[in-house]
>>> print(open('final.pdb').read())   # PDB, C-alpha atoms
MODEL        1
ATOM      1  CA  MET A  20     -22.832   1.836  58.132
ATOM      2  CA  ARG A  21     -21.464  -1.691  57.845
ATOM      3  CA  ASP A  22     -23.002  -4.487  55.758
ATOM      4  CA  SER A  23     -24.420  -6.986  58.171
ATOM      5  CA  HIS A  24     -23.964  -9.993  55.886
ATOM      6  CA  PRO A  25     -20.429 -11.103  54.800
ATOM      7  CA  ALA A  26     -21.777 -12.395  51.464
ATOM      8  CA  LEU A  27     -22.802  -8.866  50.464
ATOM      9  CA  VAL A  28     -19.264  -7.625  51.078
ATOM     10  CA  SER A  29     -17.702 -10.356  48.919
ATOM     11  CA  PHE A  30     -20.261  -9.802  46.122
ATOM     12  CA  ARG A  31     -19.652  -6.036  45.843
ATOM     13  CA  PRO A  32     -16.370  -6.237  43.794
ATOM     14  CA  LEU A  33     -18.121  -8.416  41.211
ATOM     15  CA  VAL A  34     -20.915  -5.865  40.835
ATOM     16  CA  ILE A  35     -18.376  -3.081  40.323
ATOM     17  CA  LEU A  36     -16.474  -5.148  37.711
ATOM     18  CA  LEU A  37     -19.638  -5.862  35.728
ATOM     19  CA  ALA A  38     -20.555  -2.170  35.769
ATOM     20  CA  VAL A  39     -17.131  -1.218  34.392
ATOM     21  CA  LEU A  40     -17.242  -3.864  31.651
ATOM     22  CA  SER A  41     -20.695  -2.781  30.539
ATOM     23  CA  ALA A  42     -19.419   0.769  30.059
ATOM     24  CA  LEU A  43     -16.613  -0.338  27.701
ATOM     25  CA  PRO A  44     -17.131  -0.273  23.888
ATOM     26  CA  SER A  45     -18.502  -3.569  22.659
ATOM     27  CA  ALA A  46     -16.166  -5.760  20.577
ATOM     28  CA  ALA A  47     -19.251  -6.945  18.714
ATOM     29  CA  ALA A  48     -19.434  -3.627  16.859
ATOM     30  CA  SER A  49     -17.502  -5.091  13.905
ATOM     31  CA  ARG A  50     -19.429  -7.115  11.343
ATOM     32  CA  THR A  51     -18.178  -9.749   8.915
ATOM     33  CA  TYR A  52     -19.579  -9.683   5.389
ATOM     34  CA  ALA A  53     -19.222 -12.490   2.825
ATOM     35  CA  VAL A  54     -18.844 -11.397  -0.799
ATOM     36  CA  ASP A  55     -21.851 -12.339  -2.937
ATOM     37  CA  ALA A  56     -20.180 -13.482  -6.160
ATOM     38  CA  GLY A  57     -23.462 -13.567  -8.070
ATOM     39  CA  ALA A  58     -24.297  -9.946  -7.267
ATOM     40  CA  SER A  59     -20.748  -8.603  -7.669
ATOM     41  CA  GLU A  60     -18.966  -7.609 -10.872
ATOM     42  CA  VAL A  61     -15.292  -6.979 -11.555
ATOM     43  CA  ARG A  62     -14.386  -5.967 -15.097
ATOM     44  CA  ILE A  63     -10.939  -5.740 -16.621
ATOM     45  CA  HIS A  64     -10.576  -3.375 -19.581
ATOM     46  CA  VAL A  65      -7.630  -4.277 -21.816
ATOM     47  CA  GLY A  66      -6.736  -1.623 -24.394
ATOM     48  CA  LYS A  67      -4.531  -1.659 -27.490
ATOM     49  CA  SER A  68      -1.424   0.213 -28.562
ATOM     50  CA  GLY A  69       1.288   0.022 -31.216
ATOM     51  CA  ALA A  70       1.788   1.581 -34.639
ATOM     52  CA  PHE A  71      -1.513   0.172 -35.904
ATOM     53  CA  GLY A  72      -3.314   0.023 -32.613
ATOM     54  CA  PHE A  73      -6.377   1.626 -34.199
ATOM     55  CA  ALA A  74      -6.845  -1.576 -36.212
ATOM     56  CA  GLY A  75      -7.286  -3.691 -33.080
ATOM     57  CA  HIS A  76      -9.987  -3.608 -30.461
ATOM     58  CA  THR A  77     -10.342  -3.557 -26.706
ATOM     59  CA  HIS A  78     -11.132  -6.652 -24.638
ATOM     60  CA  GLU A  79     -13.614  -6.755 -21.770
ATOM     61  CA  VAL A  80     -12.928  -9.455 -19.186
ATOM     62  CA  THR A  81     -15.015 -10.443 -16.173
ATOM     63  CA  ALA A  82     -13.330 -11.812 -13.056
ATOM     64  CA  PRO A  83     -15.560 -13.632 -10.520
ATOM     65  CA  VAL A  84     -14.668 -12.629  -6.965
ATOM     66  CA  LYS A  85     -15.089 -14.146  -3.515
ATOM     67  CA  GLY A  86     -13.857 -13.122  -0.079
ATOM     68  CA  GLU A  87     -14.868 -11.255   3.037
ATOM     69  CA  VAL A  88     -15.049  -7.780   4.506
ATOM     70  CA  VAL A  89     -14.714  -7.057   8.215
ATOM     71  CA  ALA A  90     -16.151  -3.594   8.890
ATOM     72  CA  ASP A  91     -16.412  -1.610  12.106
ATOM     73  CA  PRO A  92     -18.359   1.653  11.685
ATOM     74  CA  ASP A  93     -16.935   2.943  14.972
ATOM     75  CA  ASN A  94     -13.350   2.207  13.885
ATOM     76  CA  LEU A  95     -13.152   2.171  10.095
ATOM     77  CA  GLY A  96      -9.356   2.068  10.230
ATOM     78  CA  GLY A  97      -9.620  -1.327  11.885
ATOM     79  CA  SER A  98     -11.610  -2.793   9.001
ATOM     80  CA  SER A  99     -10.131  -5.296   6.536
ATOM     81  CA  VAL A 100     -10.771  -6.760   3.092
ATOM     82  CA  SER A 101      -9.667 -10.078   1.594
ATOM     83  CA  LEU A 102     -10.521 -10.940  -2.034
ATOM     84  CA  THR A 103      -9.757 -13.922  -4.274
ATOM     85  CA  PHE A 104     -10.227 -14.248  -8.037
ATOM     86  CA  ASP A 105     -10.221 -17.634  -9.785
ATOM     87  CA  THR A 106      -8.156 -17.116 -12.954
ATOM     88  CA  GLY A 107      -9.670 -20.194 -14.581
ATOM     89  CA  GLU A 108     -13.140 -18.623 -14.306
ATOM     90  CA  MET A 109     -12.223 -15.319 -15.966
ATOM     91  CA  LYS A 110     -14.227 -14.744 -19.145
ATOM     92  CA  VAL A 111     -13.676 -12.611 -22.240
ATOM     93  CA  LEU A 112     -16.978 -10.929 -23.120
ATOM     94  CA  ALA A 113     -18.341 -10.945 -26.646
ATOM     95  CA  GLU A 114     -19.048  -7.204 -26.661
ATOM     96  CA  GLY A 115     -16.632  -5.377 -28.964
ATOM     97  CA  GLU A 116     -15.074  -8.625 -30.200
ATOM     98  CA  PRO A 117     -15.263  -9.948 -33.763
ATOM     99  CA  ALA A 118     -17.393 -13.087 -34.041
ATOM    100  CA  GLY A 119     -15.491 -16.146 -32.905
ATOM    101  CA  ASP A 120     -12.680 -14.194 -31.236
ATOM    102  CA  PRO A 121     -13.584 -14.417 -27.516
ATOM    103  CA  PRO A 122     -12.581 -18.100 -27.099
ATOM    104  CA  LYS A 123      -9.238 -17.432 -28.837
ATOM    105  CA  VAL A 124      -8.511 -14.346 -26.742
ATOM    106  CA  GLU A 125      -9.507 -16.206 -23.576
ATOM    107  CA  GLU A 126      -7.223 -19.134 -24.441
ATOM    108  CA  ALA A 127      -4.301 -16.759 -24.971
ATOM    109  CA  MET A 128      -5.066 -14.889 -21.742
ATOM    110  CA  LYS A 129      -5.096 -18.079 -19.660
ATOM    111  CA  GLY A 130      -2.205 -19.736 -21.483
ATOM    112  CA  PRO A 131       1.567 -19.951 -20.882
ATOM    113  CA  LYS A 132       2.284 -16.547 -22.404
ATOM    114  CA  LEU A 133       0.212 -14.634 -19.857
ATOM    115  CA  LEU A 134      -1.679 -15.803 -16.745
ATOM    116  CA  GLU A 135      -0.627 -19.479 -16.762
ATOM    117  CA  VAL A 136      -3.752 -20.478 -14.868
ATOM    118  CA  ALA A 137      -2.530 -24.048 -14.335
ATOM    119  CA  ARG A 138       0.412 -22.711 -12.277
ATOM    120  CA  PHE A 139      -1.301 -19.661 -10.786
ATOM    121  CA  PRO A 140      -4.994 -20.502 -10.225
ATOM    122  CA  THR A 141      -5.812 -17.425  -8.153
ATOM    123  CA  ILE A 142      -5.284 -13.688  -7.912
ATOM    124  CA  THR A 143      -5.557 -12.252  -4.403
ATOM    125  CA  PHE A 144      -5.816  -8.901  -2.670
ATOM    126  CA  LYS A 145      -5.480  -8.396   1.085
ATOM    127  CA  SER A 146      -5.740  -5.019   2.750
ATOM    128  CA  GLN A 147      -3.162  -3.967   5.324
ATOM    129  CA  LYS A 148      -4.369  -0.456   6.112
ATOM    130  CA  VAL A 149      -7.727   1.250   5.679
ATOM    131  CA  THR A 150      -8.072   5.033   5.517
ATOM    132  CA  ALA A 151     -11.629   6.327   5.564
ATOM    133  CA  ARG A 152     -13.717   9.452   5.643
ATOM    134  CA  PRO A 153     -17.506   9.843   5.815
ATOM    135  CA  ALA A 154     -19.311  10.689   2.576
ATOM    136  CA  ALA A 155     -22.812  11.982   1.897
ATOM    137  CA  GLY A 156     -25.832   9.916   2.815
ATOM    138  CA  GLY A 157     -24.090   7.819   5.440
ATOM    139  CA  ALA A 158     -21.651   6.333   2.905
ATOM    140  CA  TYR A 159     -17.851   6.175   3.211
ATOM    141  CA  ASP A 160     -14.902   6.868   0.917
ATOM    142  CA  LEU A 161     -12.046   4.493   1.665
ATOM    143  CA  GLU A 162      -8.506   3.844   0.515
ATOM    144  CA  LEU A 163      -7.474   0.224   0.916
ATOM    145  CA  ALA A 164      -3.694  -0.103   1.039
ATOM    146  CA  GLY A 165      -2.672  -3.715   0.694
ATOM    147  CA  GLU A 166      -0.973  -6.349  -1.426
ATOM    148  CA  MET A 167      -2.074  -7.778  -4.765
ATOM    149  CA  ASN A 168      -0.706 -11.122  -5.924
ATOM    150  CA  ILE A 169      -0.844 -11.883  -9.649
ATOM    151  CA  HIS A 170       1.120 -14.602 -11.428
ATOM    152  CA  GLY A 171       3.095 -15.333  -8.266
ATOM    153  CA  ALA A 172       4.242 -11.719  -7.860
ATOM    154  CA  THR A 173       3.095  -9.674  -4.861
ATOM    155  CA  ARG A 174       3.042  -5.895  -5.146
ATOM    156  CA  PRO A 175       1.655  -3.046  -3.010
ATOM    157  CA  LEU A 176      -1.597  -1.592  -4.287
ATOM    158  CA  THR A 177      -3.998   1.068  -3.031
ATOM    159  CA  LEU A 178      -7.628   0.782  -4.098
ATOM    160  CA  PRO A 179     -10.087   3.693  -3.839
ATOM    161  CA  VAL A 180     -13.497   2.432  -2.702
ATOM    162  CA  HIS A 181     -16.879   4.078  -2.183
ATOM    163  CA  VAL A 182     -18.891   2.073   0.358
ATOM    164  CA  GLU A 183     -22.616   2.135   1.056
ATOM    165  CA  VAL A 184     -24.300   0.058   3.758
ATOM    166  CA  ALA A 185     -28.011  -0.782   3.713
ATOM    167  CA  GLY A 186     -29.279  -3.184   6.350
ATOM    168  CA  GLN A 187     -27.316  -6.430   6.056
ATOM    169  CA  THR A 188     -25.706  -5.493   2.725
ATOM    170  CA  LEU A 189     -22.483  -3.626   1.947
ATOM    171  CA  THR A 190     -21.762  -2.371  -1.576
ATOM    172  CA  ALA A 191     -18.277  -1.201  -2.602
ATOM    173  CA  THR A 192     -17.523   0.465  -5.940
ATOM    174  CA  GLY A 193     -14.417   1.940  -7.528
ATOM    175  CA  LYS A 194     -11.814   1.723 -10.266
ATOM    176  CA  ALA A 195      -8.056   1.269 -10.476
ATOM    177  CA  VAL A 196      -5.216   0.854 -12.964
ATOM    178  CA  LEU A 197      -2.749  -2.042 -12.966
ATOM    179  CA  ARG A 198       0.309  -2.621 -15.144
ATOM    180  CA  HIS A 199       1.408  -5.877 -16.754
ATOM    181  CA  ASP A 200       5.092  -5.268 -16.049
ATOM    182  CA  GLU A 201       4.515  -4.719 -12.320
ATOM    183  CA  PHE A 202       3.682  -8.413 -12.053
ATOM    184  CA  GLY A 203       6.247  -9.764 -14.480
ATOM    185  CA  LEU A 204       3.748 -10.109 -17.334
ATOM    186  CA  GLN A 205       4.365  -9.282 -20.980
ATOM    187  CA  PRO A 206       1.434  -7.777 -22.918
ATOM    188  CA  ILE A 207       0.432 -10.016 -25.827
ATOM    189  CA  SER A 208       1.051  -8.633 -29.326
ATOM    190  CA  ALA A 209      -0.231  -9.590 -32.761
ATOM    191  CA  GLY A 210       0.489  -8.742 -36.373
ATOM    192  CA  GLY A 211       4.246  -8.797 -35.863
ATOM    193  CA  GLY A 212       3.975  -6.391 -32.955
ATOM    194  CA  THR A 213       2.060  -3.701 -34.858
ATOM    195  CA  VAL A 214      -0.997  -4.302 -32.682
ATOM    196  CA  LYS A 215      -0.441  -5.111 -29.030
ATOM    197  CA  VAL A 216      -2.166  -4.916 -25.691
ATOM    198  CA  LYS A 217      -1.442  -1.853 -23.567
ATOM    199  CA  ASN A 218       0.730  -2.240 -20.505
ATOM    200  CA  GLU A 219      -1.934  -0.493 -18.412
ATOM    201  CA  ILE A 220      -5.061  -2.437 -17.455
ATOM    202  CA  GLY A 221      -8.193  -0.655 -16.263
ATOM    203  CA  VAL A 222     -10.278  -2.351 -13.568
ATOM    204  CA  THR A 223     -13.762  -1.355 -12.408
ATOM    205  CA  TYR A 224     -15.486  -3.095  -9.544
ATOM    206  CA  ARG A 225     -18.822  -3.331  -7.786
ATOM    207  CA  ILE A 226     -18.581  -5.750  -4.885
ATOM    208  CA  VAL A 227     -21.674  -6.704  -2.918
ATOM    209  CA  ALA A 228     -21.230  -8.411   0.453
ATOM    210  CA  ARG A 229     -23.772  -9.579   3.016
ATOM    211  CA  VAL A 230     -23.542 -10.138   6.762
ATOM    212  CA  ARG A 231     -22.765 -13.723   7.640
TER     213      ARG A 231
ENDMDL
END
>>> encode(input="final.pdb", output="structure tokens")
Amino acid sequence: MRDSHPALVSFRPLVILLAVLSALPSAAASRTYAVDAGASEVRIHVGKSGAFGFAGHTHEVTAPVKGEVVADPDNLGGSSVSLTFDTGEMKVLAEGEPAGDPPKVEEAMKGPKLLEVARFPTITFKSQKVTARPAAGGAYDLELAGEMNIHGATRPLTLPVHVEVAGQTLTATGKAVLRHDEFGLQPISAGGGTVKVKNEIGVTYRIVARVR
């Protein structure tokens, strides 16, 4: 049976095209989350070593973080993370420090012998590959392979991350170990070198991000 009206014949291809497009996966499945700096916490744990390392103490440093997460639950491997830390805003916590020491430690940390915040105002991490597997309760365990830039030196780094999503909020937690020498940094020493900071730096993170 033929269509009696020419307009119906010309309209049919458009109907077929729309039907095909509607059956394709939606590109809107990915969501962009902005890091909530006030709700997030990144802590740097700096230990001690040396012949009289027992006489020193550890330092706890907070590093405010900002950035974004692009997550696609249907294609976790296509997700991405970009984080920035302002070195000038890093703080040495009073816990575990002798009275009056935090400002001195912080000055040394930000000064020319270590971070040189005037020359290198930020630390950045950008993911290049995301490997993921589902975890219990609808959560995900991820490995973020990317590049970390500290003190002008960029090095590959893989971060393990446990991710939970609730409504409009994504929460990522994990811990990692960095090394001073990987980024051309020399651990600060005191007491003629008998007490010095360890080369390894422990980092724990809880990053909260919300849908834009």
>>> resolve_selection(input="final.pdb", expression="the PyMOL selection byres ((chain A and resi 181) around 6)", output="PyMOL selection string")
chain A and resi 159-160+180+182+191-192
>>> atom_distance(input="final.pdb", atom1="atom CA of A:Val88", atom2="atom CA of A:Glu183")
12.9 Å
>>> residues_near_point(input="final.pdb", point="(-6.3, -10.1, 3.9)", cutoff="7 Å", atoms="all atoms listed in the file", output="list in words")
Ser99, Val100, Ser101, Phe144, Lys145 and Ser146 of chain A
>>> residues_around(input="final.pdb", residues="stretch 111-114 of chain A", least_positions_apart="5", cutoff="9 Å", atoms="all atoms listed in the file", output="ChimeraX atom specification")
/A:78-81,119-122,124-125,128
>>> closest_residue(input="final.pdb", among="A:Met109, A:Val149, A:Ala158, A:Leu204", to="A:Val184", atoms="all atoms listed in the file")
A:Ala158
>>> resolve_selection(input="final.pdb", expression="the PyMOL selection byres ((chain A and resi 50) around 12)", output="number ranges by chain")
A: 45-49, 51-53, 87-95, 97-100, 184, 186-189, 228-231
>>> residues_around(input="final.pdb", residues="A:Glu108", least_positions_apart="4", cutoff="12 Å", atoms="all atoms listed in the file", output="PyMOL selection string")
chain A and resi 56+80-85+103-104+125-126+128-129+136-137+140-142
>>> axis_aligned_box(input="final.pdb", around="stretch 184-198 of chain A", padding_each_side="5 Å", output="lines of an AutoDock Vina configuration file")
center_x = -14.5
center_y = -2.2
center_z = -4.4
size_x = 39.6
size_y = 18.4
size_z = 31.5
>>> atom_distance(input="final.pdb", atom1="atom CA of A:Thr143", atom2="atom CA of A:Asn168")
5.2 Å
>>> residues_around(input="final.pdb", residues="A:Asp200", least_positions_apart="5", cutoff="12 Å", atoms="all atoms listed in the file", output="list in words")
Leu133, Ile169, His170, Ala172, Arg174, Gln205, Pro206, Ile207, Lys217, Asn218, Glu219 and Ile220 of chain A
>>> closest_residue(input="final.pdb", among="A:Gly86, A:Gly115, A:Gly156, A:Gly107", to="A:Ser59", atoms="only C-alpha atoms")
A:Gly86
>>> closest_residue(input="final.pdb", among="A:Pro153, A:Gly165, A:Gly66, A:Gly57", to="A:Leu178", atoms="all atoms listed in the file")
A:Gly165
>>> closest_residue(input="final.pdb", among="A:Arg138, A:Lys132, A:Lys123, A:Arg198", to="A:Val65", atoms="only C-alpha atoms")
A:Arg198
>>> atom_distance(input="final.pdb", atom1="atom CA of A:Val61", atom2="atom CA of A:Val227")
10.7 Å
>>> closest_residue(input="final.pdb", among="A:Ile63, A:Leu161, A:Leu176, A:Leu102", to="A:Val222", atoms="only C-alpha atoms")
A:Ile63
